[in-house]
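Q: One file is attached below, coords_23.cif, containing mmCIF, C-alpha atoms and all ligand atoms.
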data_data
#
loop_
_atom_site.label_atom_id
_atom_site.label_comp_id
_atom_site.auth_asym_id
_atom_site.auth_seq_id
_atom_site.Cartn_x
_atom_site.Cartn_y
_atom_site.Cartn_z
CA MET A 223 74.63 -95.10 30.87
CA ASN A 224 75.70 -91.50 30.12
CA VAL A 225 72.89 -89.22 29.04
CA ILE A 226 72.64 -85.76 27.45
CA ILE A 227 69.33 -83.87 27.77
CA ALA A 228 68.43 -81.25 25.14
CA GLY A 229 65.52 -79.10 26.36
CA PHE A 230 64.96 -78.58 30.07
CA GLY A 231 61.33 -77.46 30.36
CA THR A 232 58.37 -79.42 31.75
CA ILE A 233 59.45 -82.78 30.36
CA GLY A 234 63.22 -82.43 30.82
CA GLN A 235 62.79 -81.43 34.46
CA SER A 236 60.12 -84.09 35.13
CA PHE A 237 62.50 -86.70 33.75
CA VAL A 238 65.35 -85.55 36.00
CA GLN A 239 63.02 -85.51 39.02
CA LEU A 240 61.85 -89.05 38.23
CA LEU A 241 65.44 -90.20 37.79
CA MET A 242 66.32 -88.83 41.24
CA ASN A 243 63.18 -90.25 42.91
CA HIS A 244 63.59 -93.72 41.39
CA LYS A 245 67.37 -94.03 41.41
CA GLU A 246 67.45 -97.05 43.75
CA PHE A 247 64.43 -98.75 42.14
CA LEU A 248 65.92 -98.44 38.64
CA LYS A 249 69.24 -99.81 39.83
CA LYS A 250 67.66 -102.73 41.68
CA ALA A 251 64.99 -103.66 39.13
CA TYR A 252 66.91 -103.07 35.89
CA GLY A 253 70.56 -102.62 36.87
CA MET A 254 70.24 -99.17 35.35
CA VAL A 255 72.61 -96.49 36.59
CA THR A 256 72.14 -93.24 34.69
CA LYS A 257 74.66 -90.42 34.72
CA VAL A 258 73.47 -87.12 33.24
CA VAL A 259 76.61 -85.61 31.69
CA ALA A 260 75.05 -82.58 29.98
CA ILE A 261 71.82 -80.59 30.03
CA VAL A 262 71.14 -77.94 27.39
CA ASP A 263 68.45 -75.25 27.37
CA SER A 264 67.92 -72.24 25.11
CA LYS A 265 70.51 -70.13 26.95
CA GLY A 266 73.35 -72.55 27.53
CA ALA A 267 74.47 -75.84 29.02
CA ALA A 268 75.64 -77.54 32.19
CA VAL A 269 78.32 -80.10 31.43
CA SER A 270 80.24 -82.59 33.57
CA GLN A 271 81.74 -85.89 32.45
CA ARG A 272 81.67 -87.04 36.10
CA GLY A 273 77.88 -86.53 36.17
CA LEU A 274 75.90 -83.42 37.07
CA ASP A 275 74.61 -82.76 40.57
CA LEU A 276 70.93 -82.96 39.57
CA ASN A 277 69.56 -81.29 42.70
CA LEU A 278 71.83 -78.32 42.11
CA VAL A 279 70.92 -78.13 38.40
CA MET A 280 67.19 -78.14 39.22
CA ARG A 281 67.67 -75.42 41.83
CA CYS A 282 69.65 -73.20 39.45
CA LYS A 283 67.10 -73.68 36.65
CA ARG A 284 64.32 -72.64 39.05
CA GLU A 285 66.24 -69.65 40.43
CA TYR A 286 67.99 -68.29 37.32
CA GLY A 287 65.92 -69.75 34.47
CA THR A 288 68.90 -71.45 32.85
CA VAL A 289 71.35 -74.28 33.44
CA ALA A 290 74.13 -72.01 32.15
CA LYS A 291 74.22 -70.52 35.67
CA VAL A 292 75.10 -73.76 37.49
CA PRO A 293 78.34 -72.92 39.39
CA SER A 294 81.55 -74.25 37.80
CA VAL A 295 79.77 -76.51 35.23
CA GLY A 296 77.41 -74.02 33.53
CA TYR A 297 78.39 -72.26 30.29
CA GLU A 298 76.85 -70.14 27.56
CA MET A 299 77.38 -73.06 25.23
CA SER A 300 75.38 -74.37 22.26
CA PHE A 301 74.05 -77.92 21.95
CA LEU A 302 76.71 -78.72 19.32
CA GLU A 303 79.51 -77.58 21.64
CA ALA A 304 77.99 -79.50 24.54
CA ILE A 305 77.58 -82.81 22.68
CA GLN A 306 81.17 -82.62 21.44
CA SER A 307 82.57 -81.91 24.90
CA VAL A 308 81.34 -85.08 26.67
CA GLU A 309 81.17 -88.82 26.09
CA ALA A 310 77.61 -90.10 26.14
CA ASN A 311 75.53 -93.09 25.02
CA VAL A 312 72.13 -91.43 24.75
CA LEU A 313 70.59 -88.11 23.74
CA ILE A 314 67.19 -87.26 25.20
CA GLU A 315 65.56 -84.70 22.88
CA ALA A 316 62.93 -82.61 24.71
CA THR A 317 62.92 -79.23 22.96
CA TYR A 318 59.78 -77.65 21.53
CA THR A 319 57.86 -79.03 18.54
CA ASN A 320 58.41 -77.21 15.25
CA LEU A 321 56.46 -78.50 12.25
CA THR A 322 58.07 -76.15 9.72
CA ASN A 323 61.56 -77.65 9.68
CA GLY A 324 61.76 -79.66 12.91
CA GLU A 325 64.47 -77.41 14.42
CA PRO A 326 66.24 -77.35 16.78
CA GLY A 327 65.31 -80.98 17.48
CA MET A 328 66.09 -82.16 13.94
CA THR A 329 69.73 -81.02 14.14
CA HIS A 330 70.06 -82.41 17.67
CA ILE A 331 68.82 -85.85 16.62
CA LEU A 332 70.80 -85.98 13.37
CA THR A 333 74.01 -84.92 15.13
CA ALA A 334 73.56 -87.50 17.88
CA LEU A 335 72.85 -90.31 15.39
CA GLN A 336 75.87 -89.33 13.26
CA LEU A 337 78.06 -89.39 16.39
CA GLY A 338 76.78 -92.90 17.21
CA LEU A 339 74.54 -91.97 20.16
CA ASN A 340 71.21 -93.66 20.82
CA VAL A 341 68.32 -91.20 20.77
CA VAL A 342 65.16 -90.93 22.88
CA THR A 343 62.85 -88.17 21.65
CA VAL A 344 59.61 -86.83 23.11
CA ASN A 345 59.65 -84.13 20.44
CA LYS A 346 57.41 -85.36 17.61
CA GLY A 347 58.32 -82.61 15.11
CA PRO A 348 61.39 -84.27 13.55
CA LEU A 349 59.60 -87.63 13.36
CA ALA A 350 56.46 -86.19 11.77
CA LEU A 351 58.57 -84.52 9.08
CA ALA A 352 61.19 -87.20 8.45
CA MET A 353 60.58 -90.42 10.37
CA PRO A 354 61.51 -92.87 7.56
CA MET A 355 64.84 -91.04 6.99
CA LEU A 356 65.68 -90.81 10.71
CA LYS A 357 64.92 -94.52 11.21
CA GLU A 358 67.18 -95.41 8.27
CA ILE A 359 70.06 -93.36 9.65
CA ALA A 360 69.65 -94.97 13.09
CA GLU A 361 69.62 -98.44 11.53
CA HIS A 362 72.67 -97.59 9.41
CA ARG A 363 74.55 -96.30 12.48
CA LYS A 364 73.34 -99.36 14.48
CA VAL A 365 71.91 -97.21 17.27
CA ALA A 366 68.43 -97.00 18.77
CA LEU A 367 65.89 -94.29 17.95
CA LYS A 368 63.14 -94.41 20.59
CA PHE A 369 60.04 -92.23 20.83
CA SER A 370 57.52 -93.77 23.27
CA GLY A 371 56.66 -90.37 24.77
CA THR A 372 55.66 -88.81 21.46
CA VAL A 373 52.33 -90.68 21.29
CA GLY A 374 49.95 -90.81 24.24
CA GLY A 375 52.42 -89.39 26.80
CA GLY A 376 52.91 -92.23 29.27
CA LEU A 377 50.55 -94.67 27.49
CA PRO A 378 52.62 -97.70 26.46
CA VAL A 379 50.87 -97.97 23.11
CA LEU A 380 53.95 -98.54 20.95
CA ALA A 381 55.18 -101.32 23.24
CA PHE A 382 51.65 -102.76 23.25
CA ALA A 383 51.67 -102.89 19.46
CA ARG A 384 55.22 -104.24 19.25
CA GLU A 385 55.12 -106.84 22.02
CA CYS A 386 51.52 -107.82 22.77
CA ALA A 387 50.36 -107.97 19.16
CA LYS A 388 53.21 -110.29 18.14
CA GLY A 389 52.08 -113.10 15.86
CA ASP A 390 49.04 -111.21 14.60
CA LYS A 391 48.98 -108.41 12.04
CA VAL A 392 47.87 -104.88 12.91
CA VAL A 393 45.68 -103.77 10.00
CA LYS A 394 44.27 -100.51 11.34
CA VAL A 395 45.11 -97.90 13.97
CA GLU A 396 42.51 -95.42 15.26
CA GLY A 397 43.18 -92.93 18.00
CA VAL A 398 41.94 -90.04 20.07
CA LEU A 399 45.42 -88.60 20.40
CA ASN A 400 44.93 -85.00 21.53
CA GLY A 401 43.72 -84.20 25.03
CA THR A 402 42.96 -80.53 24.33
CA THR A 403 40.49 -81.16 21.51
CA ASN A 404 38.95 -84.06 23.39
CA TYR A 405 38.38 -81.81 26.40
CA ILE A 406 36.75 -79.19 24.17
CA LEU A 407 34.44 -81.73 22.49
CA THR A 408 33.49 -83.22 25.87
CA ARG A 409 32.53 -79.80 27.24
CA MET A 410 30.64 -78.92 24.05
CA GLU A 411 28.62 -82.08 24.66
CA ASP A 412 27.63 -80.45 27.96
CA GLY A 413 26.33 -77.45 25.99
CA LEU A 414 29.31 -75.04 25.93
CA LYS A 415 30.15 -73.16 22.73
CA PHE A 416 33.52 -73.94 21.07
CA GLU A 417 35.06 -70.62 22.26
CA GLU A 418 33.83 -71.15 25.86
CA ALA A 419 35.20 -74.69 25.97
CA LEU A 420 38.55 -73.51 24.55
CA ILE A 421 38.88 -70.74 27.16
CA GLU A 422 38.07 -73.24 29.92
CA ALA A 423 40.72 -75.64 28.56
CA GLN A 424 43.26 -72.79 28.56
CA GLU A 425 42.32 -71.74 32.11
CA LYS A 426 42.83 -75.31 33.31
CA GLY A 427 46.23 -75.46 31.59
CA TYR A 428 45.19 -78.14 29.06
CA ALA A 429 45.49 -75.90 26.00
CA GLU A 430 48.44 -73.74 24.93
CA ARG A 431 47.93 -70.00 24.59
CA ASP A 432 48.24 -70.66 20.85
CA PRO A 433 46.16 -73.85 20.45
CA THR A 434 46.36 -73.88 16.62
CA LEU A 435 48.26 -77.17 16.36
CA ASP A 436 45.66 -78.94 18.51
CA ILE A 437 42.49 -77.41 17.04
CA SER A 438 43.65 -77.81 13.43
CA GLY A 439 44.28 -81.53 13.97
CA MET A 440 48.02 -81.17 13.20
CA ASP A 441 49.12 -82.47 16.61
CA THR A 442 46.95 -85.57 16.08
CA ALA A 443 48.37 -85.92 12.55
CA CYS A 444 51.97 -85.91 13.88
CA LYS A 445 51.18 -88.70 16.33
CA LEU A 446 49.37 -90.63 13.61
CA VAL A 447 52.44 -90.45 11.35
CA ILE A 448 54.50 -92.01 14.13
CA LEU A 449 51.92 -94.77 14.70
CA ALA A 450 51.56 -95.47 10.98
CA ASN A 451 55.33 -95.84 10.52
CA GLU A 452 55.95 -97.83 13.67
CA VAL A 453 52.86 -100.00 13.99
CA LEU A 454 51.77 -100.50 10.37
CA GLY A 455 55.18 -100.10 8.72
CA ASN A 456 53.85 -97.35 6.39
CA ARG A 457 56.56 -94.96 5.10
CA VAL A 458 54.59 -91.74 5.59
CA THR A 459 55.29 -88.19 6.74
CA LEU A 460 53.01 -85.31 7.70
CA LYS A 461 52.40 -84.28 4.09
CA ASP A 462 50.72 -87.65 3.41
CA VAL A 463 48.00 -87.09 6.03
CA ARG A 464 44.57 -85.58 5.18
CA VAL A 465 43.82 -83.35 8.15
CA GLU A 466 40.57 -81.76 9.32
CA GLY A 467 40.29 -80.15 12.75
CA ILE A 468 37.40 -79.36 15.10
CA ALA A 469 36.93 -75.60 14.50
CA ASP A 470 33.73 -76.12 12.49
CA ILE A 471 31.98 -78.41 15.00
CA LYS A 472 28.89 -76.80 16.56
CA PRO A 473 27.23 -77.67 19.90
CA GLU A 474 24.14 -78.64 17.81
CA ASP A 475 26.20 -81.33 16.03
CA LEU A 476 27.10 -82.86 19.38
CA LYS A 477 23.51 -82.57 20.59
CA ILE A 478 22.16 -84.42 17.54
CA ALA A 479 24.82 -87.10 17.99
CA LYS A 480 24.06 -87.43 21.71
CA ASN A 481 20.32 -87.88 21.10
CA ALA A 482 21.16 -90.74 18.76
CA GLY A 483 23.38 -92.47 21.35
CA LYS A 484 26.50 -91.22 19.60
CA THR A 485 29.25 -88.66 20.08
CA ILE A 486 31.87 -86.82 18.01
CA ARG A 487 35.60 -87.32 18.56
CA LEU A 488 38.66 -86.07 16.66
CA ILE A 489 40.11 -89.34 15.43
CA GLY A 490 43.29 -90.21 13.57
CA VAL A 491 42.92 -93.27 11.35
CA ALA A 492 45.78 -95.14 9.68
CA GLU A 493 45.45 -98.10 7.36
CA GLU A 494 47.69 -99.38 4.61
CA SER A 495 45.75 -97.40 2.00
CA GLU A 496 45.06 -94.10 3.81
CA VAL A 497 46.02 -91.92 6.74
CA PHE A 498 43.65 -89.17 7.88
CA VAL A 499 42.52 -87.04 10.83
CA LYS A 500 38.88 -86.02 11.07
CA PRO A 501 36.05 -85.47 13.56
CA LEU A 502 34.01 -88.69 13.37
CA VAL A 503 30.62 -89.66 14.76
CA ILE A 504 31.03 -92.79 16.90
CA ASP A 505 28.83 -94.76 19.33
CA GLN A 506 28.92 -93.61 22.93
CA SER A 507 29.81 -97.20 23.80
CA ASP A 508 32.86 -97.21 21.48
CA PRO A 509 36.07 -97.51 23.55
CA LEU A 510 37.34 -94.45 21.65
CA ALA A 511 34.56 -92.31 23.19
CA VAL A 512 36.83 -91.25 26.07
CA LYS A 513 36.12 -88.00 27.90
CA TYR A 514 38.06 -84.87 28.90
CA THR A 515 41.85 -85.05 28.38
CA TYR A 516 42.02 -88.82 28.05
CA ASN A 517 43.56 -90.48 25.00
CA ALA A 518 42.51 -93.82 23.49
CA ILE A 519 44.14 -95.89 20.79
CA THR A 520 42.48 -98.86 19.13
CA LEU A 521 44.49 -101.40 17.17
CA THR A 522 42.60 -103.74 14.88
CA LEU A 523 44.40 -107.04 14.55
CA GLU A 524 43.73 -109.33 11.62
CA ASN A 525 42.69 -112.31 13.75
CA SER A 526 41.91 -111.09 17.24
CA GLY A 527 39.97 -107.91 16.41
CA ARG A 528 39.92 -104.52 18.13
CA HIS A 529 42.02 -103.83 21.23
CA THR A 530 42.01 -100.44 22.94
CA ILE A 531 44.40 -98.83 25.36
CA THR A 532 43.34 -95.66 27.19
CA GLY A 533 44.87 -93.28 29.71
CA LYS A 534 46.17 -89.78 30.31
CA GLY A 535 47.83 -88.72 27.08
CA ALA A 536 50.18 -85.98 28.31
CA GLY A 537 51.75 -84.46 31.40
CA GLY A 538 55.30 -84.12 32.66
CA ARG A 539 55.47 -87.13 34.95
CA GLU A 540 53.54 -89.39 32.58
CA THR A 541 55.75 -88.54 29.61
CA ALA A 542 58.91 -88.84 31.72
CA THR A 543 57.96 -92.47 32.48
CA ALA A 544 57.96 -93.10 28.73
CA ILE A 545 61.55 -91.78 28.55
CA ILE A 546 62.55 -94.14 31.37
CA ARG A 547 60.91 -97.02 29.47
CA ASP A 548 62.94 -96.18 26.37
CA LEU A 549 66.15 -95.90 28.39
CA ILE A 550 65.56 -99.35 29.91
CA SER A 551 65.22 -100.90 26.47
CA ILE A 552 68.38 -99.10 25.29
CA LYS A 553 70.20 -100.33 28.39
CA GLU A 554 69.12 -103.90 27.62
CA ARG A 555 70.35 -103.44 24.05
CA LEU A 556 73.72 -102.05 25.24
CA VAL A 557 74.19 -105.13 27.43
CA VAL A 558 73.33 -107.52 24.55
CA THR A 559 75.56 -105.86 21.90
N1 LIG B 601 54.30 -81.34 28.07
C1 LIG B 601 53.76 -82.52 27.75
O1 LIG B 601 52.84 -83.03 28.40
C2 LIG B 601 54.32 -83.28 26.57
C3 LIG B 601 53.88 -84.61 26.34
C4 LIG B 601 54.44 -85.34 25.28
C5 LIG B 601 55.40 -84.74 24.46
N2 LIG B 601 55.77 -83.45 24.70
C6 LIG B 601 56.80 -82.85 23.81
O2 LIG B 601 58.02 -82.77 24.55
C7 LIG B 601 58.77 -81.63 24.13
C8 LIG B 601 59.08 -80.76 25.34
O3 LIG B 601 57.86 -80.35 25.93
P1 LIG B 601 57.84 -79.40 27.22
O4 LIG B 601 56.41 -79.38 27.68
O5 LIG B 601 58.91 -79.83 28.16
O6 LIG B 601 58.22 -78.00 26.56
P2 LIG B 601 58.82 -76.71 27.28
O7 LIG B 601 58.46 -76.72 28.72
O8 LIG B 601 58.45 -75.55 26.43
O9 LIG B 601 60.41 -76.93 27.18
C9 LIG B 601 61.14 -76.77 26.00
C10 LIG B 601 62.60 -76.70 26.34
O10 LIG B 601 63.36 -76.54 25.14
C11 LIG B 601 64.41 -75.63 25.40
N3 LIG B 601 64.96 -75.09 24.16
C12 LIG B 601 64.42 -74.20 23.30
N4 LIG B 601 65.27 -73.97 22.28
C13 LIG B 601 66.37 -74.71 22.52
C14 LIG B 601 67.62 -74.89 21.86
N5 LIG B 601 67.90 -74.26 20.72
N6 LIG B 601 68.53 -75.74 22.40
C15 LIG B 601 68.27 -76.38 23.57
N7 LIG B 601 67.12 -76.25 24.24
C16 LIG B 601 66.18 -75.43 23.73
C17 LIG B 601 63.76 -74.57 26.27
O11 LIG B 601 64.76 -73.79 26.90
P3 LIG B 601 64.41 -72.67 28.03
O12 LIG B 601 64.08 -73.48 29.28
O13 LIG B 601 65.68 -71.92 28.15
O14 LIG B 601 63.27 -71.89 27.51
C18 LIG B 601 62.97 -75.47 27.22
O15 LIG B 601 63.80 -75.90 28.28
C19 LIG B 601 57.91 -80.90 23.09
O16 LIG B 601 58.36 -81.23 21.82
C20 LIG B 601 56.50 -81.44 23.36
O17 LIG B 601 55.70 -81.45 22.21
C21 LIG B 601 55.27 -82.72 25.73
#
Let's see the structure in the file written out as structure tokens.

A:
Amino acid sequence: MNVIIAGFGTIGQSFVQLLMNHKEFLKKAYGMVTKVVAIVDSKGAAVSQRGLDLNLVMRCKREYGTVAKVPSVGYEMSFLEAIQSVEANVLIEATYTNLTNGEPGMTHILTALQLGLNVVTVNKGPLALAMPMLKEIAEHRKVALKFSGTVGGGLPVLAFARECAKGDKVVKVEGVLNGTTNYILTRMEDGLKFEEALIEAQEKGYAERDPTLDISGMDTACKLVILANEVLGNRVTLKDVRVEGIADIKPEDLKIAKNAGKTIRLIGVAEESEVFVKPLVIDQSDPLAVKYTYNAITLTLENSGRHTITGKGAGGRETATAIIRDLISIKERLVVT
């Protein structure tokens, strides 16, 4: 399988590292041999139809800050030039999330689909803004559009919904989908003020320097859009979600909740009739009452009730495993068709 990677930051590099570490395992267990034929970052690209020397690419990225400096295969080249200069089966889209117009990921994904490439994205921006359209284009072009890493990092929640819930109907999805806000709420439960908990989250590397997307609930809303489309079959985008963040929560609110055996969590809820994100008071014994940076997603099935999956919702290595999972299912599809 020939792969192009757009975006070579935390996730792109973690994926390449995982690919190198697990090369033999992936070949033996899944017959998967992956050749990375192009890697693009914001300053250029490294391109080789024979397959890039991944150790060398990683070293150059570390030393020079860009893959454009890889000797003899690095160029000051745009994504569009790179994708047209190699033959590939899959694009892995791992550039930054932009909720205004989805760029540059939107153009990357659309171009790849139009050229007949399968797409694996960890970038939720394009999906949050235009998931129904992107899915239609992929179906029309008869290629796969995979996005396991966009929700819950390495948590296999989409596969859980697709495979394990077969034969029953998912009627509701609820999720603690943002580790930063969950960390802040957990620490506020311990008595910290919102600002103190936020600074601590930033110091520990859990929150971005600009945490607006997390605090406002928009990051949770993006993930909820993906779950609603994929798990419930709703045709929704970000503009259909009612969103309320955690900025107005006071330590007193958490104290009152705690004294009543409850807690407050920022929860995304999707049903057929509504999709919203809001801080909700829930029982401390509710499986969604996870602490610190953990994520939890509860699916309510028509006949078998509530099922919850929890785990670390972000991180380079965790999210890279989701990319590998998507590649394995694309590989299986390539063999079948
Ligand atoms: N980090 C996580 O735990 C996590 C978990 C799940 C999903 N995600 C999502 O995964 C995506 C990547 O996250 P990350 O943490 O790896 O971000 P990151 O470290 O900021 O990396 C972003 C990459 O995009 C590249 N880039 C920027 N503009 C570009 C362009 N026009 N063409 C090609 N490449 C471009 C950057 O290039 P330079 O290297 O030259 O700056 C950088 O390599 C984001 O959408 C994020 O929301 C992240």

Q: What residues have any atom no more than 8 Å from ligand LIG 601 (chain B) when counting only C-alpha atoms and all ligand atoms, and can you list them as a short mmCIF file (atom, residue, chain, number, x, y, z; two decimals) with C-alpha atoms, in the coordinates of the input?

A:
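Resulting contents of result_39.cif:
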data_model
loop_
_atom_site.label_atom_id
_atom_site.label_comp_id
_atom_site.auth_asym_id
_atom_site.auth_seq_id
_atom_site.Cartn_x
_atom_site.Cartn_y
_atom_site.Cartn_z
CA ALA A 228 68.43 -81.25 25.14
CA GLY A 229 65.52 -79.10 26.36
CA PHE A 230 64.96 -78.58 30.07
CA GLY A 231 61.33 -77.46 30.36
CA THR A 232 58.37 -79.42 31.75
CA ILE A 233 59.45 -82.78 30.36
CA GLY A 234 63.22 -82.43 30.82
CA GLN A 235 62.79 -81.43 34.46
CA VAL A 262 71.14 -77.94 27.39
CA ASP A 263 68.45 -75.25 27.37
CA SER A 264 67.92 -72.24 25.11
CA LYS A 265 70.51 -70.13 26.95
CA GLY A 266 73.35 -72.55 27.53
CA LYS A 283 67.10 -73.68 36.65
CA GLY A 287 65.92 -69.75 34.47
CA THR A 288 68.90 -71.45 32.85
CA SER A 300 75.38 -74.37 22.26
CA PHE A 301 74.05 -77.92 21.95
CA GLU A 315 65.56 -84.70 22.88
CA ALA A 316 62.93 -82.61 24.71
CA THR A 317 62.92 -79.23 22.96
CA TYR A 318 59.78 -77.65 21.53
CA THR A 319 57.86 -79.03 18.54
CA ASN A 320 58.41 -77.21 15.25
CA GLU A 325 64.47 -77.41 14.42
CA PRO A 326 66.24 -77.35 16.78
CA GLY A 327 65.31 -80.98 17.48
CA THR A 343 62.85 -88.17 21.65
CA VAL A 344 59.61 -86.83 23.11
CA ASN A 345 59.65 -84.13 20.44
CA LYS A 346 57.41 -85.36 17.61
CA GLY A 347 58.32 -82.61 15.11
CA GLY A 371 56.66 -90.37 24.77
CA THR A 372 55.66 -88.81 21.46
CA VAL A 373 52.33 -90.68 21.29
CA GLY A 374 49.95 -90.81 24.24
CA GLY A 375 52.42 -89.39 26.80
CA GLY A 535 47.83 -88.72 27.08
CA ALA A 536 50.18 -85.98 28.31
CA GLY A 537 51.75 -84.46 31.40
CA GLY A 538 55.30 -84.12 32.66
CA GLU A 540 53.54 -89.39 32.58
CA THR A 541 55.75 -88.54 29.61
#

Q: Tell me, as a VMD selection string, which residues lie within 10 Å of Ser294 (chain A), counting all atoms listed in the file; anything in the same chain fewer than 3 positions away does not count.

A: chain A and resid 268 to 270 290 to 291 297

Q: Between A:Lys257, A:Lys534, A:Arg464, A:His529, single out the one closest to Leu399 (chain A), counting all atoms listed in the file.

A: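 Of A:Lys257, A:Lys534, A:Arg464, A:His529, the one nearest Leu399 (chain A), counting all atoms listed in the file, is A:Lys534.
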
Q: Using 7 Å as the limit and counting only C-alpha atoms, can you tabulate each residue of region 478-507 of chain A that touches region 428-449 of chain A, with its shortest atom-to-atom distance in Å and the two atoms involved, as a tab-separated table?

A:
residue	atom	partner	partner_atom	distance
A:Gly490	CA	A:Leu446	CA	6.1
A:Ala492	CA	A:Leu446	CA	7.0
A:Val499	CA	A:Ala443	CA	6.2

Q: Could you jot down the CA of Val398 (chain A) to CA of Ile489 (chain A) separation for me, Å, one decimal place?

A: 5.0 Å

Q: Give me, please, the distance in Å between CA of Ala310 (chain A) and CA of Val225 (chain A), quoted to one decimal.

A: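 Distance reported for this atom pair: 5.6 Å.
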
Q: Have a look at CA of Leu351 (chain A) and CA of Ile552 (chain A) and let me know their distance in Å, one decimal.

A: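 Distance between the two atoms: 23.9 Å.
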
Q: If we count all atoms listed in the file and set the cut-off at 7 Å, which residues sit around Tyr405 (chain A), ignoring sequence neighbours fewer than 6 positions away in its own chain? Please answer as a list in words.

A: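 Contacts, in chain order: Ala423, Lys513, Tyr514 and Thr515 of chain A.
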
Q: Keeping only C-alpha atoms, write those residues as an mmCIF file, keeping the file's coordinate frame.

A:
data_model
loop_
_atom_site.group_PDB
_atom_site.id
_atom_site.type_symbol
_atom_site.label_atom_id
_atom_site.label_comp_id
_atom_site.auth_asym_id
_atom_site.auth_seq_id
_atom_site.Cartn_x
_atom_site.Cartn_y
_atom_site.Cartn_z
ATOM 1 C CA ALA A 423 40.720 -75.640 28.560
ATOM 2 C CA LYS A 513 36.120 -88.000 27.900
ATOM 3 C CA TYR A 514 38.060 -84.870 28.900
ATOM 4 C CA THR A 515 41.850 -85.050 28.380
#

Q: Using all atoms listed in the file, which residue out of A:Arg272, A:Lys426, A:Arg528, A:Lys368 lies closest to Arg547 (chain A)?

A: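 Of all the options, A:Lys368 lies closest to Arg547 (chain A).
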
Q: Step by step: start from the point (30.5, -88.0, 18.2) in the file's coordinates, keep every protein, DNA or RNA residue that has an atom no farther than 7 Å from it, count only C-alpha atoms, and write the set as a tab-separated table (two decimals) with C-alpha atoms, keeping the file's coordinate frame.

A:
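The resulting file, result02.tsv, is shown below:
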chain	number	residue	atom	x	y	z
A	476	LEU	CA	27.10	-82.86	19.38
A	479	ALA	CA	24.82	-87.10	17.99
A	484	LYS	CA	26.50	-91.22	19.60
A	485	THR	CA	29.25	-88.66	20.08
A	486	ILE	CA	31.87	-86.82	18.01
A	487	ARG	CA	35.60	-87.32	18.56
A	502	LEU	CA	34.01	-88.69	13.37
A	503	VAL	CA	30.62	-89.66	14.76
A	504	ILE	CA	31.03	-92.79	16.90

Q: Given the choices A:Met280, A:Val453, A:Val258, A:Val465, which gets closest to Val393 (chain A) if the distance is worked out from all atoms listed in the file?

A: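 Looking at the shortest contact to Val393 (chain A), the residue is A:Val453.
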
Q: With all atoms listed in the file as the basis for distance, which of A:Leu377, A:Cys386, A:Ile314, A:Leu335 is at the shortest distance from Leu523 (chain A)?

A: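 Among the listed residues, A:Cys386 lies closest to Leu523 (chain A).
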
Q: Compare A:Lys461, A:Lys394, A:Arg384, A:Lys472 by their minimum atom-to-atom distance to Glu417 (chain A), counting only C-alpha atoms, and give me the closest one.

A: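 Closest to Glu417 (chain A), using only C-alpha atoms: A:Lys472.
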
Q: A:Asp390, A:Glu554, A:Glu493, A:Glu285: which is nearest Met223 (chain A), counting only C-alpha atoms?

A: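 Going through A:Asp390, A:Glu554, A:Glu493, A:Glu285 one by one, the smallest distance to Met223 (chain A) is for A:Glu554.
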
Q: Please check which residues have atoms at most 12 Å from (47.9, -97.8, 2.9) in the file's coordinates, counting all atoms listed in the file, and write them as a list in words.

A: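 Answer for this query, in the requested form: Val393, Lys394, Val395, Ala450, Asn451, Leu454, Gly455, Asn456, Arg457, Val458, Asp462, Val463, Val491, Ala492, Glu493, Glu494, Ser495, Glu496, Val497 and Phe498 of chain A.
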